[in-house]
$ cat start_7.pdb   # PDB, C-alpha atoms
ATOM      1  CA  MET A   1     -15.712 -20.457 -29.588
ATOM      2  CA  PHE A   2     -12.056 -21.066 -28.979
ATOM      3  CA  THR A   3     -10.551 -24.491 -28.742
ATOM      4  CA  PHE A   4      -8.914 -25.673 -25.555
ATOM      5  CA  MET A   5      -5.362 -24.961 -26.756
ATOM      6  CA  GLN A   6      -6.330 -21.525 -27.991
ATOM      7  CA  ASN A   7      -7.749 -20.713 -24.558
ATOM      8  CA  VAL A   8      -4.572 -21.944 -22.877
ATOM      9  CA  LEU A   9      -2.517 -19.676 -25.142
ATOM     10  CA  TYR A  10      -4.822 -16.732 -24.497
ATOM     11  CA  ASN A  11      -4.576 -17.175 -20.746
ATOM     12  CA  PHE A  12      -0.802 -17.463 -20.862
ATOM     13  CA  PHE A  13      -0.280 -14.328 -22.918
ATOM     14  CA  ILE A  14      -2.945 -12.260 -21.159
ATOM     15  CA  SER A  15      -1.353 -12.832 -17.750
ATOM     16  CA  LEU A  16       2.112 -12.255 -19.253
ATOM     17  CA  GLY A  17       0.874  -8.998 -20.786
ATOM     18  CA  VAL A  18      -0.750  -7.838 -17.565
ATOM     19  CA  ILE A  19       2.493  -8.385 -15.671
ATOM     20  CA  ILE A  20       4.845  -6.881 -18.263
ATOM     21  CA  GLY A  21       2.552  -3.986 -19.204
ATOM     22  CA  GLY A  22       1.713  -3.199 -15.593
ATOM     23  CA  CYS A  23       5.358  -3.264 -14.579
ATOM     24  CA  ILE A  24       6.675  -1.230 -17.505
ATOM     25  CA  PHE A  25       4.058   1.497 -17.145
ATOM     26  CA  GLY A  26       4.308   1.325 -13.360
ATOM     27  CA  GLY A  27       8.056   1.869 -13.794
ATOM     28  CA  LEU A  28       7.309   4.900 -15.965
ATOM     29  CA  ALA A  29       5.039   6.277 -13.231
ATOM     30  CA  ALA A  30       7.809   5.640 -10.696
ATOM     31  CA  THR A  31      10.268   7.655 -12.799
ATOM     32  CA  LEU A  32       7.772  10.510 -13.073
ATOM     33  CA  ASN A  33       7.223  10.364  -9.302
ATOM     34  CA  GLY A  34      10.952  10.389  -8.555
ATOM     35  CA  HIS A  35      11.209   6.802  -7.342
ATOM     36  CA  PRO A  36      13.673   4.126  -8.512
ATOM     37  CA  PRO A  37      11.989   2.513 -11.550
ATOM     38  CA  LEU A  38      13.474  -0.982 -11.484
ATOM     39  CA  LYS A  39      12.821  -1.530  -7.799
ATOM     40  CA  THR A  40       9.243  -0.285  -8.209
ATOM     41  CA  MET A  41       8.784  -2.543 -11.219
ATOM     42  CA  LEU A  42       9.814  -5.609  -9.258
ATOM     43  CA  ASP A  43       7.672  -4.644  -6.264
ATOM     44  CA  LEU A  44       4.697  -4.153  -8.577
ATOM     45  CA  CYS A  45       5.424  -7.487 -10.232
ATOM     46  CA  GLU A  46       5.060  -9.310  -6.929
ATOM     47  CA  LYS A  47       1.911  -7.363  -6.063
ATOM     48  CA  ILE A  48       0.031  -7.850  -9.350
ATOM     49  CA  LYS A  49       1.069 -11.432 -10.048
ATOM     50  CA  ILE A  50      -2.057 -12.958  -8.554
ATOM     51  CA  TRP A  51      -4.282 -10.335 -10.215
ATOM     52  CA  ALA A  52      -2.748 -11.106 -13.593
ATOM     53  CA  ILE A  53      -3.911 -14.722 -13.210
ATOM     54  CA  ILE A  54      -7.403 -13.598 -12.235
ATOM     55  CA  VAL A  55      -7.604 -11.163 -15.163
ATOM     56  CA  ALA A  56      -6.449 -13.880 -17.557
ATOM     57  CA  LEU A  57      -9.146 -16.220 -16.328
ATOM     58  CA  GLY A  58     -11.749 -13.516 -17.006
ATOM     59  CA  GLY A  59     -12.788 -13.053 -13.425
ATOM     60  CA  THR A  60     -12.725 -15.814 -10.889
ATOM     61  CA  PHE A  61     -16.401 -16.692 -10.725
ATOM     62  CA  PRO A  62     -16.895 -18.671 -13.982
ATOM     63  CA  SER A  63     -13.792 -20.698 -13.149
ATOM     64  CA  PHE A  64     -14.989 -21.423  -9.642
ATOM     65  CA  LYS A  65     -18.439 -22.316 -10.933
ATOM     66  CA  ILE A  66     -16.964 -24.830 -13.359
ATOM     67  CA  LEU A  67     -14.730 -26.176 -10.588
ATOM     68  CA  GLN A  68     -17.770 -26.630  -8.391
ATOM     69  CA  VAL A  69     -19.722 -28.385 -11.145
ATOM     70  CA  GLY A  70     -16.697 -30.508 -11.927
ATOM     71  CA  LEU A  71     -16.196 -31.504  -8.323
ATOM     72  CA  PHE A  72     -19.764 -32.138  -7.222
ATOM     73  CA  ASN A  73     -21.356 -33.365 -10.484
ATOM     74  CA  GLY A  74     -18.395 -35.507 -11.464
ATOM     75  CA  ASP A  75     -17.493 -33.592 -14.635
ATOM     76  CA  ILE A  76     -13.791 -34.341 -14.355
ATOM     77  CA  ARG A  77     -13.031 -33.285 -17.940
ATOM     78  CA  SER A  78     -14.075 -29.651 -17.473
ATOM     79  CA  LEU A  79     -12.460 -29.658 -14.035
ATOM     80  CA  ALA A  80      -9.137 -30.705 -15.576
ATOM     81  CA  LYS A  81      -9.552 -28.071 -18.299
ATOM     82  CA  GLN A  82     -10.084 -25.348 -15.706
ATOM     83  CA  VAL A  83      -7.037 -26.474 -13.759
ATOM     84  CA  LEU A  84      -4.971 -26.287 -16.956
ATOM     85  CA  TYR A  85      -6.340 -22.807 -17.724
ATOM     86  CA  ILE A  86      -5.344 -21.661 -14.255
ATOM     87  CA  LEU A  87      -1.929 -23.262 -14.652
ATOM     88  CA  SER A  88      -1.335 -21.589 -18.019
ATOM     89  CA  ALA A  89      -2.287 -18.199 -16.543
ATOM     90  CA  LEU A  90      -0.002 -18.928 -13.603
ATOM     91  CA  MET A  91       2.837 -19.794 -15.953
ATOM     92  CA  GLY A  92       2.305 -16.606 -17.948
ATOM     93  CA  ALA A  93       2.468 -14.543 -14.776
ATOM     94  CA  GLN A  94       5.565 -16.419 -13.598
ATOM     95  CA  VAL A  95       7.331 -15.926 -16.953
ATOM     96  CA  GLY A  96       6.499 -12.200 -16.795
ATOM     97  CA  TYR A  97       7.819 -12.023 -13.256
ATOM     98  CA  LEU A  98      11.027 -13.840 -14.196
ATOM     99  CA  LEU A  99      11.579 -11.534 -17.168
ATOM    100  CA  MET A 100      11.300  -8.525 -14.867
ATOM    101  CA  TYR A 101      13.457 -10.223 -12.246
ATOM    102  CA  TYR A 102      16.289 -10.840 -14.710
ATOM    103  CA  LEU A 103      15.879  -7.366 -16.203
ATOM    104  CA  GLU A 104      16.380  -5.926 -12.724
ATOM    105  CA  GLY A 105      19.594  -7.918 -12.505
ATOM    106  CA  ARG A 106      18.565 -10.192  -9.621
ATOM    107  CA  GLY A 107      19.061  -7.443  -7.085
ATOM    108  CA  ASN A 108      22.547  -6.616  -8.379
ATOM    109  CA  VAL A 109      21.769  -3.087  -9.631
TER
ATOM    110  CA  MET B   1     -12.552   9.185 -37.603
ATOM    111  CA  LYS B   2      -9.216   9.427 -39.388
ATOM    112  CA  LYS B   3      -8.184  12.225 -36.994
ATOM    113  CA  HIS B   4      -8.892   9.983 -34.028
ATOM    114  CA  LYS B   5      -6.931   7.184 -35.607
ATOM    115  CA  PHE B   6      -3.851   9.365 -36.007
ATOM    116  CA  LEU B   7      -4.259  10.793 -32.525
ATOM    117  CA  SER B   8      -4.473   7.339 -30.974
ATOM    118  CA  MET B   9      -1.468   6.195 -33.022
ATOM    119  CA  PHE B  10       0.487   9.220 -31.874
ATOM    120  CA  LEU B  11      -0.453   8.710 -28.219
ATOM    121  CA  LEU B  12       0.356   5.007 -28.359
ATOM    122  CA  GLY B  13       3.707   5.753 -29.962
ATOM    123  CA  PHE B  14       4.393   8.434 -27.391
ATOM    124  CA  LEU B  15       3.579   6.135 -24.474
ATOM    125  CA  LEU B  16       5.554   3.239 -25.907
ATOM    126  CA  GLY B  17       8.495   5.551 -26.576
ATOM    127  CA  LEU B  18       8.359   6.849 -23.029
ATOM    128  CA  ALA B  19       8.165   3.341 -21.631
ATOM    129  CA  LEU B  20      11.073   2.171 -23.797
ATOM    130  CA  MET B  21      13.268   5.112 -22.857
ATOM    131  CA  ASN B  22      12.406   4.544 -19.227
ATOM    132  CA  LEU B  23      13.274   0.873 -19.547
ATOM    133  CA  PHE B  24      16.519   1.771 -21.310
ATOM    134  CA  HIS B  25      17.627   4.145 -18.549
ATOM    135  CA  SER B  26      16.069   2.334 -15.582
ATOM    136  CA  HIS B  27      19.367   0.735 -14.501
ATOM    137  CA  THR B  28      21.137   4.091 -14.441
ATOM    138  CA  LEU B  29      18.253   5.702 -12.567
ATOM    139  CA  ASP B  30      18.156   2.940  -9.967
ATOM    140  CA  ARG B  31      21.914   3.136  -9.487
ATOM    141  CA  LEU B  32      21.730   6.895  -9.055
ATOM    142  CA  TYR B  33      18.886   6.626  -6.528
ATOM    143  CA  ARG B  34      20.930   4.063  -4.614
ATOM    144  CA  MET B  35      23.994   6.322  -4.659
ATOM    145  CA  GLN B  36      21.873   9.256  -3.531
ATOM    146  CA  LYS B  37      20.610   7.269  -0.549
ATOM    147  CA  GLN B  38      24.098   6.063   0.334
ATOM    148  CA  LEU B  39      25.487   9.590   0.126
ATOM    149  CA  THR B  40      22.640  10.965   2.239
ATOM    150  CA  THR B  41      23.408   8.362   4.902
ATOM    151  CA  GLN B  42      27.118   9.167   4.755
ATOM    152  CA  LEU B  43      26.379  12.883   5.006
ATOM    153  CA  LEU B  44      24.172  12.378   8.060
ATOM    154  CA  ASP B  45      26.858  10.238   9.667
ATOM    155  CA  LYS B  46      29.551  12.842   8.972
ATOM    156  CA  GLU B  47      27.336  15.657  10.260
ATOM    157  CA  ILE B  48      26.823  13.817  13.540
ATOM    158  CA  LYS B  49      30.587  13.223  13.887
ATOM    159  CA  LEU B  50      31.358  16.842  13.036
ATOM    160  CA  GLU B  51      28.826  18.044  15.590
ATOM    161  CA  ARG B  52      30.515  15.912  18.281
ATOM    162  CA  PHE B  53      33.973  17.185  17.315
ATOM    163  CA  THR B  54      32.756  20.768  17.325
ATOM    164  CA  GLN B  55      31.229  20.386  20.770
ATOM    165  CA  LYS B  56      34.438  18.818  22.058
ATOM    166  CA  ALA B  57      36.519  21.629  20.544
ATOM    167  CA  ILE B  58      34.263  24.275  22.098
ATOM    168  CA  LYS B  59      34.633  22.604  25.516
ATOM    169  CA  GLU B  60      38.424  22.445  25.243
ATOM    170  CA  ASP B  61      38.604  25.913  23.671
ATOM    171  CA  ILE B  62      40.919  24.880  20.820
ATOM    172  CA  PRO B  63      40.415  26.652  17.479
ATOM    173  CA  LEU B  64      40.138  23.995  14.767
ATOM    174  CA  ILE B  65      39.855  24.205  11.011
ATOM    175  CA  LYS B  66      36.185  23.633  10.269
ATOM    176  CA  ASP B  67      35.785  24.313   6.592
ATOM    177  CA  LEU B  68      37.465  25.256   3.328
ATOM    178  CA  ASN B  69      36.423  28.152   1.154
ATOM    179  CA  ILE B  70      37.906  27.904  -2.319
ATOM    180  CA  LEU B  71      37.419  30.896  -4.599
ATOM    181  CA  ILE B  72      38.382  30.404  -8.219
ATOM    182  CA  GLU B  73      38.655  32.969 -10.973
ATOM    183  CA  PHE B  74      38.414  31.162 -14.271
ATOM    184  CA  ASP B  75      37.062  32.273 -17.641
ATOM    185  CA  GLY B  76      35.703  29.076 -19.051
ATOM    186  CA  ASN B  77      33.346  26.174 -18.607
ATOM    187  CA  VAL B  78      31.817  25.803 -15.116
ATOM    188  CA  LEU B  79      32.401  22.066 -15.182
ATOM    189  CA  ILE B  80      36.140  22.669 -15.577
ATOM    190  CA  LYS B  81      35.900  25.224 -12.776
ATOM    191  CA  ASP B  82      34.275  22.551 -10.572
ATOM    192  CA  ALA B  83      37.044  20.105 -11.499
ATOM    193  CA  ILE B  84      39.679  22.682 -10.466
ATOM    194  CA  GLU B  85      37.858  23.174  -7.157
ATOM    195  CA  ARG B  86      37.758  19.419  -6.565
ATOM    196  CA  ASN B  87      41.475  19.234  -7.305
ATOM    197  CA  ILE B  88      42.347  21.984  -4.829
ATOM    198  CA  ARG B  89      39.938  20.575  -2.228
ATOM    199  CA  PHE B  90      41.689  17.203  -2.566
ATOM    200  CA  TYR B  91      44.985  18.744  -1.376
ATOM    201  CA  LEU B  92      43.434  20.819   1.397
ATOM    202  CA  SER B  93      40.842  18.402   2.779
ATOM    203  CA  ASP B  94      43.341  16.858   5.219
ATOM    204  CA  LEU B  95      43.636  20.189   7.008
ATOM    205  CA  VAL B  96      40.028  20.144   8.214
ATOM    206  CA  GLY B  97      39.916  19.139  11.879
ATOM    207  CA  ARG B  98      43.473  20.273  12.637
ATOM    208  CA  GLU B  99      44.370  23.024  15.057
ATOM    209  CA  VAL B 100      44.681  26.464  13.443
ATOM    210  CA  SER B 101      48.135  26.971  15.049
ATOM    211  CA  GLU B 102      49.431  23.816  13.296
ATOM    212  CA  ILE B 103      48.685  25.108   9.782
ATOM    213  CA  ASP B 104      51.683  26.126   7.721
ATOM    214  CA  GLY B 105      50.414  28.901   5.448
ATOM    215  CA  GLU B 106      53.629  29.195   3.483
ATOM    216  CA  MET B 107      53.504  25.536   2.614
ATOM    217  CA  ILE B 108      49.933  25.863   1.302
ATOM    218  CA  TYR B 109      51.009  28.874  -0.767
ATOM    219  CA  LYS B 110      53.988  26.982  -2.192
ATOM    220  CA  ILE B 111      51.805  23.963  -3.007
ATOM    221  CA  PHE B 112      49.419  25.964  -5.150
ATOM    222  CA  HIS B 113      51.277  28.984  -6.472
ATOM    223  CA  ASN B 114      52.274  28.505 -10.120
ATOM    224  CA  ARG B 115      51.161  24.898  -9.970
ATOM    225  CA  ILE B 116      50.129  23.265 -13.254
ATOM    226  CA  LEU B 117      47.005  21.121 -12.947
ATOM    227  CA  GLN B 118      46.010  18.526 -15.532
ATOM    228  CA  ILE B 119      42.246  18.727 -16.012
ATOM    229  CA  GLU B 120      40.432  16.942 -18.839
ATOM    230  CA  GLY B 121      43.571  16.869 -20.944
ATOM    231  CA  LYS B 122      44.216  20.580 -20.474
ATOM    232  CA  GLU B 123      46.970  22.182 -18.464
ATOM    233  CA  MET B 124      45.848  24.862 -16.010
ATOM    234  CA  LYS B 125      48.200  27.249 -14.298
ATOM    235  CA  VAL B 126      47.107  28.207 -10.796
ATOM    236  CA  THR B 127      48.145  31.496  -9.239
ATOM    237  CA  VAL B 128      47.331  32.136  -5.604
ATOM    238  CA  LYS B 129      45.810  35.598  -5.038
ATOM    239  CA  TYR B 130      45.412  35.402  -1.291
ATOM    240  CA  LEU B 131      45.175  32.904   1.540
ATOM    241  CA  ILE B 132      43.395  33.430   4.857
ATOM    242  CA  ILE B 133      43.982  30.940   7.636
ATOM    243  CA  ASN B 134      41.307  30.940  10.251
ATOM    244  CA  GLU B 135      38.678  28.432  11.390
ATOM    245  CA  VAL B 136      37.731  28.532   7.732
ATOM    246  CA  ILE B 137      40.665  28.436   5.320
ATOM    247  CA  THR B 138      39.951  30.783   2.431
ATOM    248  CA  ILE B 139      42.066  30.467  -0.670
ATOM    249  CA  SER B 140      41.556  32.571  -3.757
ATOM    250  CA  VAL B 141      43.213  31.444  -6.972
ATOM    251  CA  VAL B 142      43.305  32.542 -10.587
ATOM    252  CA  CYS B 143      43.376  29.794 -13.185
ATOM    253  CA  ARG B 144      44.202  30.047 -16.837
ATOM    254  CA  ILE B 145      44.740  27.492 -19.551
ATOM    255  CA  VAL B 146      48.394  27.094 -20.544
ATOM    256  CA  ASP B 147      48.799  27.240 -24.332
TER
END

$ encode --input "start_7.pdb" --output "structure tokens"
Amino acid sequence: MFTFMQNVLYNFFISLGVIIGGCIFGGLAATLNGHPPLKTMLDLCEKIKIWAIIVALGGTFPSFKILQVGLFNGDIRSLAKQVLYILSALMGAQVGYLLMYYLEGRGNV
Amino acid sequence: MKKHKFLSMFLLGFLLGLALMNLFHSHTLDRLYRMQKQLTTQLLDKEIKLERFTQKAIKEDIPLIKDLNILIEFDGNVLIKDAIERNIRFYLSDLVGREVSEIDGEMIYKIFHNRILQIEGKEMKVTVKYLIINEVITISVVCRIVD
């Protein structure tokens, strides 16, 4: 089993990878389809941001189950852990989005 | 097993290379797509204006210059030939939309005949073969590089 910090790191990089990988290969598909790649990449980034977080958390259900147990059975420790996992995944996705945003040139192409 | 390993390495490398090249050129591609859209819009706008002018000219029965037809004889690179055409078009483009009776053919001949054009660091001598002034101005020129 992974420790708490290892899980946080995993979540962060998985969501970052989903965003960056999805955008880069989506951009490649856009080029092959004859669409502007950077614009498509940024559009994709916004679309898949939330899915990157869900993928990083390994599907939403275990997280929600732990949240439910934490809330209704008073297990605050695991509830806090889950919140931090979600936050780390969220941060990973946001960092990925920002990287793509600055790569695009903040709309100044 | 080893074959599969090499194949997967090759495919991964190929995909990553493609993605990197795409990323490297994405700014240029986006800029070109943007320019293409802008030019398409401009072209549509100009076509609408031209259509209105044409209709007005037909109503008033005035013959106007509608287009330019530039014929170039040049033994060399087509890109240089295109540059020569652009150069000649630059001088003649103002004539489009004017009345045919206003056009001074001798002046056009004198502008281009034996003119030396500077294109990509090379000097080109233009000789006018013939000039037809009608609703479409046709100019035929021979170009050769001056040694």

$ closest_residue --input "start_7.pdb" --among "A:Ala30, A:Ile24, A:Leu44, A:Leu71" --to "chain B" --atoms "all atoms listed in the file"
A:Ile24

$ atom_distance --input "start_7.pdb" --atom1 "CA of Thr40 in chain A" --atom2 "CA of Glu104 in chain A"
10.2 Å

$ atom_distance --input "start_7.pdb" --atom1 "CA of Thr127 in chain B" --atom2 "CA of Cys143 in chain B"
6.4 Å

$ closest_atom_pairs --input "start_7.pdb" --of "chain B" --to "chain A" --cutoff "6 Å" --atoms "all atoms listed in the file" --output "Markdown table"
| residue | atom | partner | partner_atom | distance |
| --- | --- | --- | --- | --- |
| B:Ala19 | CA | A:Leu28 | CA | 5.9 |
| B:Ser26 | CA | A:Pro37 | CA | 5.7 |
| B:Asp30 | CA | A:Pro36 | CA | 4.9 |

$ residues_around --input "start_7.pdb" --residues "range 88-95 of chain B" --least-positions-apart "5" --cutoff "10 Å" --atoms "all atoms listed in the file" --output "CSV table (one decimal) with C-alpha atoms, in the coordinates of the input"
chain,number,residue,atom,x,y,z
B,64,LEU,CA,40.1,24.0,14.8
B,65,ILE,CA,39.9,24.2,11.0
B,66,LYS,CA,36.2,23.6,10.3
B,67,ASP,CA,35.8,24.3,6.6
B,68,LEU,CA,37.5,25.3,3.3
B,69,ASN,CA,36.4,28.2,1.2
B,70,ILE,CA,37.9,27.9,-2.3
B,72,ILE,CA,38.4,30.4,-8.2
B,82,ASP,CA,34.3,22.6,-10.6
B,83,ALA,CA,37.0,20.1,-11.5
B,100,VAL,CA,44.7,26.5,13.4
B,102,GLU,CA,49.4,23.8,13.3
B,103,ILE,CA,48.7,25.1,9.8
B,108,ILE,CA,49.9,25.9,1.3
B,111,ILE,CA,51.8,24.0,-3.0
B,112,PHE,CA,49.4,26.0,-5.2
B,117,LEU,CA,47.0,21.1,-12.9
B,126,VAL,CA,47.1,28.2,-10.8
B,137,ILE,CA,40.7,28.4,5.3
B,139,ILE,CA,42.1,30.5,-0.7
B,141,VAL,CA,43.2,31.4,-7.0

$ closest_residue --input "start_7.pdb" --among "A:Phe2, A:Cys23, A:Lys81, A:Gly92" --to "Leu42 in chain A" --atoms "all atoms listed in the file"
A:Cys23

$ residues_near_point --input "start_7.pdb" --point "(-13.5, -24.0, -13.3)" --cutoff "6 Å" --atoms "only C-alpha atoms" --output "list in words"
Ser63, Phe64, Lys65, Ile66, Leu67, Leu79 and Gln82 of chain A

$ resolve_selection --input "start_7.pdb" --expression "the PyMOL selection byres ((chain A and resi 14-20) around 7)" --output "PyMOL selection string"
chain A and resi 10-13+21-24+45+48-49+52-53+55-56+89+92-93+95-97

$ closest_residue --input "start_7.pdb" --among "A:Ile76, A:Tyr85, A:Leu57, A:Asp43" --to "Thr3 in chain A" --atoms "only C-alpha atoms"
A:Tyr85

$ atom_distance --input "start_7.pdb" --atom1 "CA of Leu98 in chain A" --atom2 "CA of Gln36 in chain B"
27.7 Å
